[in-house]
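Peer 1: Below is the file structure.cif, with mmCIF, N, CA and C atoms.
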```cif
data_entry
loop_
_atom_site.label_atom_id
_atom_site.label_comp_id
_atom_site.auth_asym_id
_atom_site.auth_seq_id
_atom_site.Cartn_x
_atom_site.Cartn_y
_atom_site.Cartn_z
N MET A 504 148.71 120.35 185.54
CA MET A 504 148.26 120.42 186.89
C MET A 504 147.10 121.42 187.00
N LEU A 505 147.26 122.59 186.37
CA LEU A 505 146.19 123.59 186.43
C LEU A 505 144.96 123.14 185.65
N ILE A 506 145.17 122.42 184.58
CA ILE A 506 144.03 121.90 183.82
C ILE A 506 143.23 120.93 184.69
N LEU A 507 143.93 120.08 185.41
CA LEU A 507 143.27 119.14 186.31
C LEU A 507 142.53 119.89 187.42
N LEU A 508 143.17 120.90 187.96
CA LEU A 508 142.54 121.70 189.01
C LEU A 508 141.31 122.44 188.49
N THR A 509 141.38 122.94 187.26
CA THR A 509 140.23 123.62 186.64
C THR A 509 139.06 122.66 186.45
N ILE A 510 139.35 121.46 186.00
CA ILE A 510 138.30 120.45 185.83
C ILE A 510 137.68 120.12 187.18
N LEU A 511 138.50 120.02 188.22
CA LEU A 511 138.00 119.74 189.57
C LEU A 511 137.07 120.87 190.03
N PHE A 512 137.48 122.12 189.85
CA PHE A 512 136.62 123.24 190.22
C PHE A 512 135.33 123.24 189.42
N LEU A 513 135.40 122.89 188.13
CA LEU A 513 134.20 122.85 187.31
C LEU A 513 133.22 121.78 187.80
N VAL A 514 133.74 120.61 188.14
CA VAL A 514 132.88 119.53 188.66
C VAL A 514 132.26 119.97 189.99
N LEU A 515 133.06 120.54 190.86
CA LEU A 515 132.53 121.01 192.14
C LEU A 515 131.51 122.12 191.95
N LEU A 516 131.73 122.96 190.96
CA LEU A 516 130.80 124.04 190.65
C LEU A 516 129.47 123.48 190.16
N ILE A 517 129.52 122.46 189.32
CA ILE A 517 128.29 121.83 188.83
C ILE A 517 127.54 121.16 189.98
N VAL A 518 128.27 120.50 190.85
CA VAL A 518 127.64 119.85 192.00
C VAL A 518 127.00 120.91 192.91
N ALA A 519 127.73 122.00 193.13
CA ALA A 519 127.19 123.07 193.99
C ALA A 519 125.98 123.73 193.35
N ALA A 520 125.95 123.81 192.03
CA ALA A 520 124.80 124.43 191.34
C ALA A 520 123.56 123.55 191.46
N ASN A 521 123.74 122.24 191.52
CA ASN A 521 122.60 121.33 191.66
C ASN A 521 122.09 121.29 193.08
N LYS A 522 122.89 121.69 194.01
CA LYS A 522 122.47 121.73 195.41
C LYS A 522 122.25 123.18 195.82
N ASP A 523 122.12 123.40 197.07
CA ASP A 523 121.92 124.74 197.59
C ASP A 523 123.23 125.54 197.48
N TRP A 524 123.16 126.73 196.84
CA TRP A 524 124.34 127.58 196.72
C TRP A 524 124.71 128.10 198.10
N ASP A 525 125.93 127.96 198.43
CA ASP A 525 126.44 128.50 199.68
C ASP A 525 127.81 129.13 199.41
N SER A 526 128.55 129.41 200.45
CA SER A 526 129.87 130.04 200.27
C SER A 526 130.83 129.14 199.50
N ALA A 527 130.62 127.83 199.55
CA ALA A 527 131.48 126.92 198.79
C ALA A 527 131.29 127.13 197.30
N GLY A 528 130.08 127.39 196.86
CA GLY A 528 129.81 127.65 195.44
C GLY A 528 130.54 128.89 194.95
N ILE A 529 130.55 129.92 195.76
CA ILE A 529 131.27 131.15 195.39
C ILE A 529 132.77 130.87 195.33
N PHE A 530 133.29 130.09 196.27
CA PHE A 530 134.71 129.69 196.25
C PHE A 530 135.03 128.92 194.98
N TYR A 531 134.15 128.03 194.55
CA TYR A 531 134.38 127.25 193.33
C TYR A 531 134.38 128.14 192.09
N ILE A 532 133.47 129.12 192.06
CA ILE A 532 133.44 130.06 190.93
C ILE A 532 134.74 130.86 190.86
N ILE A 533 135.17 131.38 192.00
CA ILE A 533 136.42 132.16 192.04
C ILE A 533 137.60 131.27 191.66
N GLY A 534 137.67 130.07 192.21
CA GLY A 534 138.76 129.15 191.89
C GLY A 534 138.80 128.80 190.42
N PHE A 535 137.61 128.53 189.86
CA PHE A 535 137.52 128.21 188.43
C PHE A 535 137.99 129.38 187.58
N GLY A 536 137.56 130.59 187.93
CA GLY A 536 137.96 131.79 187.18
C GLY A 536 139.45 132.06 187.25
N VAL A 537 140.00 131.93 188.45
CA VAL A 537 141.45 132.15 188.61
C VAL A 537 142.23 131.13 187.81
N CYS A 538 141.81 129.88 187.86
CA CYS A 538 142.49 128.83 187.09
C CYS A 538 142.44 129.11 185.59
N LEU A 539 141.29 129.57 185.09
CA LEU A 539 141.17 129.90 183.67
C LEU A 539 142.11 131.03 183.27
N VAL A 540 142.20 132.06 184.11
CA VAL A 540 143.10 133.19 183.81
C VAL A 540 144.55 132.73 183.80
N VAL A 541 144.94 131.93 184.77
CA VAL A 541 146.32 131.44 184.84
C VAL A 541 146.61 130.52 183.66
N ILE A 542 145.65 129.71 183.26
CA ILE A 542 145.84 128.83 182.10
C ILE A 542 146.07 129.66 180.83
N VAL A 543 145.31 130.73 180.66
CA VAL A 543 145.47 131.59 179.49
C VAL A 543 146.86 132.23 179.49
N VAL A 544 147.29 132.75 180.64
CA VAL A 544 148.60 133.40 180.73
C VAL A 544 149.73 132.41 180.45
N LEU A 545 149.68 131.24 181.09
CA LEU A 545 150.72 130.24 180.87
C LEU A 545 150.72 129.73 179.43
N SER A 546 149.54 129.55 178.87
CA SER A 546 149.46 129.11 177.48
C SER A 546 150.06 130.14 176.54
N TRP A 547 149.80 131.41 176.80
CA TRP A 547 150.37 132.47 175.97
C TRP A 547 151.90 132.44 176.05
N ASN A 548 152.44 132.27 177.26
CA ASN A 548 153.90 132.20 177.41
C ASN A 548 154.48 131.00 176.67
N ILE A 549 153.80 129.88 176.73
CA ILE A 549 154.29 128.67 176.06
C ILE A 549 154.22 128.85 174.54
N ILE A 550 153.13 129.41 174.06
CA ILE A 550 152.98 129.62 172.62
C ILE A 550 154.03 130.61 172.11
N SER A 551 154.27 131.67 172.85
CA SER A 551 155.25 132.67 172.41
C SER A 551 156.68 132.17 172.51
N SER A 552 156.90 131.06 173.19
CA SER A 552 158.26 130.54 173.35
C SER A 552 158.72 129.70 172.17
N ARG A 553 157.85 129.47 171.21
CA ARG A 553 158.22 128.61 170.09
C ARG A 553 159.37 129.18 169.26
N THR A 554 159.61 130.46 169.34
CA THR A 554 160.66 131.09 168.55
C THR A 554 161.95 131.31 169.34
N LEU A 555 161.99 130.90 170.59
CA LEU A 555 163.17 131.17 171.42
C LEU A 555 164.43 130.54 170.86
N GLU A 556 164.36 129.28 170.44
CA GLU A 556 165.56 128.60 169.93
C GLU A 556 166.10 129.28 168.69
N SER A 557 165.21 129.71 167.79
CA SER A 557 165.69 130.38 166.58
C SER A 557 166.29 131.75 166.91
N LYS A 558 165.77 132.43 167.92
CA LYS A 558 166.36 133.70 168.34
C LYS A 558 167.74 133.47 168.95
N ILE A 559 167.87 132.43 169.77
CA ILE A 559 169.18 132.10 170.34
C ILE A 559 170.17 131.80 169.24
N ASP A 560 169.75 131.03 168.24
CA ASP A 560 170.63 130.70 167.12
C ASP A 560 171.03 131.96 166.35
N MET A 561 170.08 132.88 166.16
CA MET A 561 170.37 134.12 165.44
C MET A 561 171.43 134.94 166.16
N TYR A 562 171.26 135.14 167.48
CA TYR A 562 172.23 135.92 168.25
C TYR A 562 173.58 135.22 168.30
N THR A 563 173.58 133.90 168.40
CA THR A 563 174.83 133.15 168.42
C THR A 563 175.56 133.31 167.08
N GLU A 564 174.83 133.24 165.98
CA GLU A 564 175.43 133.42 164.65
C GLU A 564 175.98 134.83 164.50
N GLU A 565 175.25 135.82 164.98
CA GLU A 565 175.73 137.19 164.90
C GLU A 565 177.01 137.37 165.70
N ASN A 566 177.06 136.76 166.89
CA ASN A 566 178.28 136.84 167.70
C ASN A 566 179.44 136.14 167.01
N LYS A 567 179.16 135.04 166.34
CA LYS A 567 180.20 134.33 165.60
C LYS A 567 180.76 135.22 164.49
N ASN A 568 179.87 135.92 163.79
CA ASN A 568 180.32 136.84 162.73
C ASN A 568 181.15 137.98 163.31
N ILE A 569 180.74 138.50 164.45
CA ILE A 569 181.50 139.57 165.10
C ILE A 569 182.87 139.05 165.50
N GLU A 570 182.94 137.84 166.05
CA GLU A 570 184.23 137.26 166.43
C GLU A 570 185.13 137.10 165.21
N GLU A 571 184.57 136.68 164.09
CA GLU A 571 185.36 136.54 162.87
C GLU A 571 185.89 137.90 162.41
N ASP A 572 185.04 138.93 162.45
CA ASP A 572 185.49 140.27 162.09
C ASP A 572 186.58 140.76 163.04
N MET A 573 186.39 140.47 164.32
CA MET A 573 187.38 140.88 165.31
C MET A 573 188.70 140.13 165.07
N ASN A 574 188.62 138.86 164.72
CA ASN A 574 189.84 138.10 164.43
C ASN A 574 190.61 138.73 163.28
N ILE A 575 189.89 139.16 162.24
CA ILE A 575 190.54 139.80 161.09
C ILE A 575 191.19 141.11 161.52
N LEU A 576 190.44 141.92 162.28
CA LEU A 576 191.00 143.20 162.74
C LEU A 576 192.22 142.99 163.63
N VAL A 577 192.13 142.04 164.54
CA VAL A 577 193.24 141.78 165.45
C VAL A 577 194.44 141.24 164.68
N GLU A 578 194.18 140.38 163.73
CA GLU A 578 195.28 139.82 162.94
C GLU A 578 195.97 140.92 162.14
N GLN A 579 195.19 141.81 161.54
CA GLN A 579 195.80 142.92 160.81
C GLN A 579 196.59 143.83 161.73
N TYR A 580 196.03 144.07 162.90
CA TYR A 580 196.75 144.92 163.85
C TYR A 580 198.01 144.24 164.34
N MET A 581 197.93 142.92 164.55
CA MET A 581 199.13 142.18 165.00
C MET A 581 200.20 142.20 163.92
N ASN A 582 199.80 142.10 162.67
CA ASN A 582 200.78 142.21 161.59
C ASN A 582 201.42 143.59 161.60
N TYR A 583 200.63 144.60 161.88
CA TYR A 583 201.14 145.97 161.94
C TYR A 583 202.09 146.15 163.13
N GLU A 584 201.73 145.55 164.23
CA GLU A 584 202.53 145.67 165.46
C GLU A 584 203.31 144.40 165.75
N SER A 585 203.76 143.69 164.75
CA SER A 585 204.39 142.38 164.95
C SER A 585 205.64 142.44 165.81
N ASN A 586 206.32 143.54 165.82
CA ASN A 586 207.53 143.64 166.66
C ASN A 586 207.18 143.65 168.14
N THR A 587 206.10 144.31 168.48
CA THR A 587 205.75 144.47 169.89
C THR A 587 204.94 143.30 170.43
N TYR A 588 203.94 142.84 169.65
CA TYR A 588 202.99 141.84 170.15
C TYR A 588 203.09 140.51 169.40
N GLY A 589 204.23 140.15 168.94
CA GLY A 589 204.39 138.98 168.09
C GLY A 589 204.09 137.65 168.73
N ASN A 590 204.21 137.51 170.02
CA ASN A 590 204.05 136.19 170.65
C ASN A 590 202.66 135.94 171.22
N LEU A 591 201.65 136.71 170.89
CA LEU A 591 200.31 136.56 171.47
C LEU A 591 199.29 135.99 170.48
N LYS A 592 199.70 135.22 169.51
CA LYS A 592 198.80 134.79 168.44
C LYS A 592 197.78 133.74 168.87
N ASN A 593 197.95 133.05 169.94
CA ASN A 593 197.04 131.97 170.33
C ASN A 593 195.87 132.44 171.19
N GLU A 594 195.80 133.71 171.51
CA GLU A 594 194.72 134.23 172.34
C GLU A 594 193.45 134.43 171.51
N SER A 595 192.30 134.50 172.18
CA SER A 595 191.05 134.78 171.46
C SER A 595 191.02 136.26 171.08
N SER A 596 190.23 136.57 170.08
CA SER A 596 190.19 137.95 169.59
C SER A 596 189.64 138.91 170.63
N ILE A 597 188.67 138.46 171.40
CA ILE A 597 188.09 139.33 172.43
C ILE A 597 189.14 139.64 173.50
N ALA A 598 189.93 138.65 173.88
CA ALA A 598 190.99 138.86 174.88
C ALA A 598 192.09 139.75 174.32
N LEU A 599 192.41 139.57 173.04
CA LEU A 599 193.47 140.38 172.44
C LEU A 599 193.07 141.84 172.32
N VAL A 600 191.79 142.10 172.07
CA VAL A 600 191.34 143.49 171.98
C VAL A 600 191.57 144.19 173.32
N ALA A 601 191.38 143.48 174.40
CA ALA A 601 191.63 144.06 175.72
C ALA A 601 193.11 144.36 175.92
N LEU A 602 193.99 143.58 175.28
CA LEU A 602 195.44 143.78 175.44
C LEU A 602 195.96 144.95 174.61
N TYR A 603 195.29 145.27 173.52
CA TYR A 603 195.76 146.32 172.62
C TYR A 603 195.00 147.61 172.88
N PRO A 604 195.59 148.53 173.59
CA PRO A 604 194.87 149.78 173.89
C PRO A 604 194.47 150.56 172.64
N GLU A 605 195.33 150.58 171.64
CA GLU A 605 195.01 151.34 170.43
C GLU A 605 193.83 150.70 169.70
N LEU A 606 193.81 149.37 169.65
CA LEU A 606 192.73 148.67 168.97
C LEU A 606 191.43 148.77 169.77
N LYS A 607 191.55 148.72 171.07
CA LYS A 607 190.37 148.81 171.93
C LYS A 607 189.71 150.19 171.80
N ALA A 608 190.49 151.21 171.55
CA ALA A 608 189.97 152.57 171.43
C ALA A 608 189.32 152.81 170.08
N ASP A 609 189.53 151.95 169.13
CA ASP A 609 188.94 152.11 167.81
C ASP A 609 187.42 152.04 167.93
N THR A 610 186.71 152.95 167.29
CA THR A 610 185.26 153.02 167.45
C THR A 610 184.55 151.82 166.85
N LEU A 611 185.05 151.29 165.74
CA LEU A 611 184.43 150.11 165.14
C LEU A 611 184.52 148.92 166.08
N VAL A 612 185.69 148.71 166.64
CA VAL A 612 185.89 147.60 167.58
C VAL A 612 185.06 147.83 168.83
N GLU A 613 185.01 149.05 169.27
CA GLU A 613 184.22 149.38 170.46
C GLU A 613 182.75 149.04 170.24
N LYS A 614 182.23 149.40 169.08
CA LYS A 614 180.83 149.12 168.77
C LYS A 614 180.59 147.62 168.65
N GLN A 615 181.53 146.90 168.04
CA GLN A 615 181.38 145.45 167.90
C GLN A 615 181.39 144.77 169.26
N ILE A 616 182.24 145.22 170.15
CA ILE A 616 182.29 144.64 171.50
C ILE A 616 180.98 144.93 172.23
N GLU A 617 180.45 146.13 172.04
CA GLU A 617 179.17 146.49 172.66
C GLU A 617 178.04 145.59 172.15
N VAL A 618 177.98 145.38 170.84
CA VAL A 618 176.95 144.51 170.26
C VAL A 618 177.15 143.08 170.73
N TYR A 619 178.39 142.64 170.77
CA TYR A 619 178.72 141.29 171.22
C TYR A 619 178.24 141.08 172.67
N THR A 620 178.50 142.05 173.52
CA THR A 620 178.09 141.97 174.92
C THR A 620 176.57 141.97 175.05
N GLU A 621 175.90 142.83 174.30
CA GLU A 621 174.44 142.87 174.33
C GLU A 621 173.84 141.55 173.82
N ASN A 622 174.44 140.98 172.79
CA ASN A 622 173.96 139.70 172.27
C ASN A 622 174.11 138.60 173.31
N ASN A 623 175.24 138.58 174.00
CA ASN A 623 175.43 137.57 175.05
C ASN A 623 174.41 137.73 176.16
N LYS A 624 174.11 138.97 176.51
CA LYS A 624 173.10 139.23 177.54
C LYS A 624 171.73 138.73 177.07
N LYS A 625 171.41 139.01 175.81
CA LYS A 625 170.12 138.58 175.26
C LYS A 625 170.04 137.05 175.18
N ILE A 626 171.15 136.41 174.83
CA ILE A 626 171.18 134.94 174.77
C ILE A 626 170.91 134.36 176.16
N ARG A 627 171.53 134.94 177.18
CA ARG A 627 171.27 134.47 178.55
C ARG A 627 169.81 134.63 178.93
N GLU A 628 169.22 135.78 178.58
CA GLU A 628 167.80 136.00 178.89
C GLU A 628 166.90 135.00 178.17
N LEU A 629 167.20 134.72 176.91
CA LEU A 629 166.39 133.78 176.14
C LEU A 629 166.53 132.35 176.68
N LYS A 630 167.74 132.00 177.10
CA LYS A 630 167.94 130.67 177.69
C LYS A 630 167.20 130.56 179.02
N GLU A 631 167.18 131.64 179.78
CA GLU A 631 166.43 131.65 181.04
C GLU A 631 164.93 131.49 180.78
N LYS A 632 164.43 132.15 179.73
CA LYS A 632 163.03 131.99 179.36
C LYS A 632 162.73 130.55 178.96
N THR A 633 163.67 129.93 178.24
CA THR A 633 163.49 128.54 177.83
C THR A 633 163.38 127.63 179.06
N ILE A 634 164.18 127.89 180.05
CA ILE A 634 164.12 127.11 181.29
C ILE A 634 162.78 127.34 181.99
N ASN A 635 162.32 128.59 182.02
CA ASN A 635 161.04 128.90 182.66
C ASN A 635 159.88 128.24 181.94
N ILE A 636 159.96 128.09 180.64
CA ILE A 636 158.88 127.47 179.87
C ILE A 636 158.65 126.04 180.33
N ARG A 637 159.72 125.33 180.67
CA ARG A 637 159.56 123.96 181.19
C ARG A 637 158.70 123.97 182.46
N ASN A 638 158.95 124.95 183.32
CA ASN A 638 158.15 125.07 184.54
C ASN A 638 156.70 125.40 184.22
N TYR A 639 156.47 126.28 183.25
CA TYR A 639 155.11 126.63 182.86
C TYR A 639 154.37 125.40 182.32
N LYS A 640 155.05 124.62 181.50
CA LYS A 640 154.42 123.42 180.95
C LYS A 640 154.06 122.45 182.07
N TRP A 641 154.94 122.30 183.05
CA TRP A 641 154.64 121.39 184.16
C TRP A 641 153.44 121.90 184.95
N LEU A 642 153.42 123.20 185.21
CA LEU A 642 152.28 123.76 185.96
C LEU A 642 150.98 123.61 185.19
N LEU A 643 151.05 123.71 183.89
CA LEU A 643 149.83 123.68 183.09
C LEU A 643 149.32 122.26 182.89
N TYR A 644 150.18 121.34 182.48
CA TYR A 644 149.69 120.01 182.14
C TYR A 644 150.69 118.90 182.46
N PHE A 645 151.50 119.09 183.49
CA PHE A 645 152.50 118.12 183.89
C PHE A 645 153.46 117.80 182.74
N GLY A 646 153.65 118.75 181.85
CA GLY A 646 154.54 118.56 180.70
C GLY A 646 155.96 118.89 181.06
N GLY A 647 156.85 118.63 180.14
CA GLY A 647 158.25 118.91 180.42
C GLY A 647 158.88 119.48 179.25
#
```
Is it possible to express this structure as structure tokens?

Peer 2:
Amino acid sequence: MLILLTILFLVLLIVAANKDWDSAGIFYIIGFGVCLVVIVVLSWNIISSRTLESKIDMYTEENKNIEEDMNILVEQYMNYESNTYGNLKNESSIALVALYPELKADTLVEKQIEVYTENNKKIRELKEKTINIRNYKWLLYFGG
């Protein structure tokens, strides 16, 4: 859309240059310049978005590894505390950590939960950027 608008301003600018320059010519110059700046900014955002999917995959894989580590820790703790917490084996590791105060207080688990939470936040931000890129493409060249 902006490319089309830029071409329109360029044509109008050429027509205005062949005729008497008036306030319309200045408007065309400003419009053309603004369109060029916006095209550069949107193009930069689109170009920089090429790595978003691989970043999302990386954070998802890291979270999967953290969940596996948490499952091992929780399973070991459940074996240790089998008399007290024996019937909770079907819960997710993240939920079980919340149920075990002693395990939740462990610094390793605390750090893993912190990294896990930060990764989820980053994944949401990257997915939001991916959604915004579709809008940028549409604004730039009616792309999707």

Peer 1: Skipping near chain neighbours, those fewer than 2 positions away, what residues fall within 8 Å of stretch 552-559 of chain A using all atoms listed in the file, listed as a ChimeraX atom specification?

Peer 2: /A:546-550,561-565,625-627,629-630,632-633,636

Peer 1: Just how far from atom CA of A:Ile506 is atom N of A:Ile542, in Å to one decimal?

Peer 2: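 The value is 8.0 Å.
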
Peer 1: Let me know the residues the PyMOL selection byres ((chain A and resi 535) around 8) catches in the file above, as a ChimeraX atom specification.

Peer 2: /A:508-513,529-534,536-541

Peer 1: Go ahead and dump the residues you just picked, N, CA and C atoms, as a CSV table (one decimal), in the frame of the given file.

Peer 2:
```csv
chain,number,residue,atom,x,y,z
A,508,LEU,N,143.2,120.9,188.0
A,508,LEU,CA,142.5,121.7,189.0
A,508,LEU,C,141.3,122.4,188.5
A,509,THR,N,141.4,122.9,187.3
A,509,THR,CA,140.2,123.6,186.6
A,509,THR,C,139.1,122.7,186.4
A,510,ILE,N,139.4,121.5,186.0
A,510,ILE,CA,138.3,120.4,185.8
A,510,ILE,C,137.7,120.1,187.2
A,511,LEU,N,138.5,120.0,188.2
A,511,LEU,CA,138.0,119.7,189.6
A,511,LEU,C,137.1,120.9,190.0
A,512,PHE,N,137.5,122.1,189.8
A,512,PHE,CA,136.6,123.2,190.2
A,512,PHE,C,135.3,123.2,189.4
A,513,LEU,N,135.4,122.9,188.1
A,513,LEU,CA,134.2,122.8,187.3
A,513,LEU,C,133.2,121.8,187.8
A,529,ILE,N,130.6,129.9,195.8
A,529,ILE,CA,131.3,131.2,195.4
A,529,ILE,C,132.8,130.9,195.3
A,530,PHE,N,133.3,130.1,196.3
A,530,PHE,CA,134.7,129.7,196.2
A,530,PHE,C,135.0,128.9,195.0
A,531,TYR,N,134.2,128.0,194.6
A,531,TYR,CA,134.4,127.2,193.3
A,531,TYR,C,134.4,128.1,192.1
A,532,ILE,N,133.5,129.1,192.1
A,532,ILE,CA,133.4,130.1,190.9
A,532,ILE,C,134.7,130.9,190.9
A,533,ILE,N,135.2,131.4,192.0
A,533,ILE,CA,136.4,132.2,192.0
A,533,ILE,C,137.6,131.3,191.7
A,534,GLY,N,137.7,130.1,192.2
A,534,GLY,CA,138.8,129.2,191.9
A,534,GLY,C,138.8,128.8,190.4
A,536,GLY,N,137.6,130.6,187.9
A,536,GLY,CA,138.0,131.8,187.2
A,536,GLY,C,139.4,132.1,187.2
A,537,VAL,N,140.0,131.9,188.4
A,537,VAL,CA,141.4,132.2,188.6
A,537,VAL,C,142.2,131.1,187.8
A,538,CYS,N,141.8,129.9,187.9
A,538,CYS,CA,142.5,128.8,187.1
A,538,CYS,C,142.4,129.1,185.6
A,539,LEU,N,141.3,129.6,185.1
A,539,LEU,CA,141.2,129.9,183.7
A,539,LEU,C,142.1,131.0,183.3
A,540,VAL,N,142.2,132.1,184.1
A,540,VAL,CA,143.1,133.2,183.8
A,540,VAL,C,144.6,132.7,183.8
A,541,VAL,N,144.9,131.9,184.8
A,541,VAL,CA,146.3,131.4,184.8
A,541,VAL,C,146.6,130.5,183.7
```
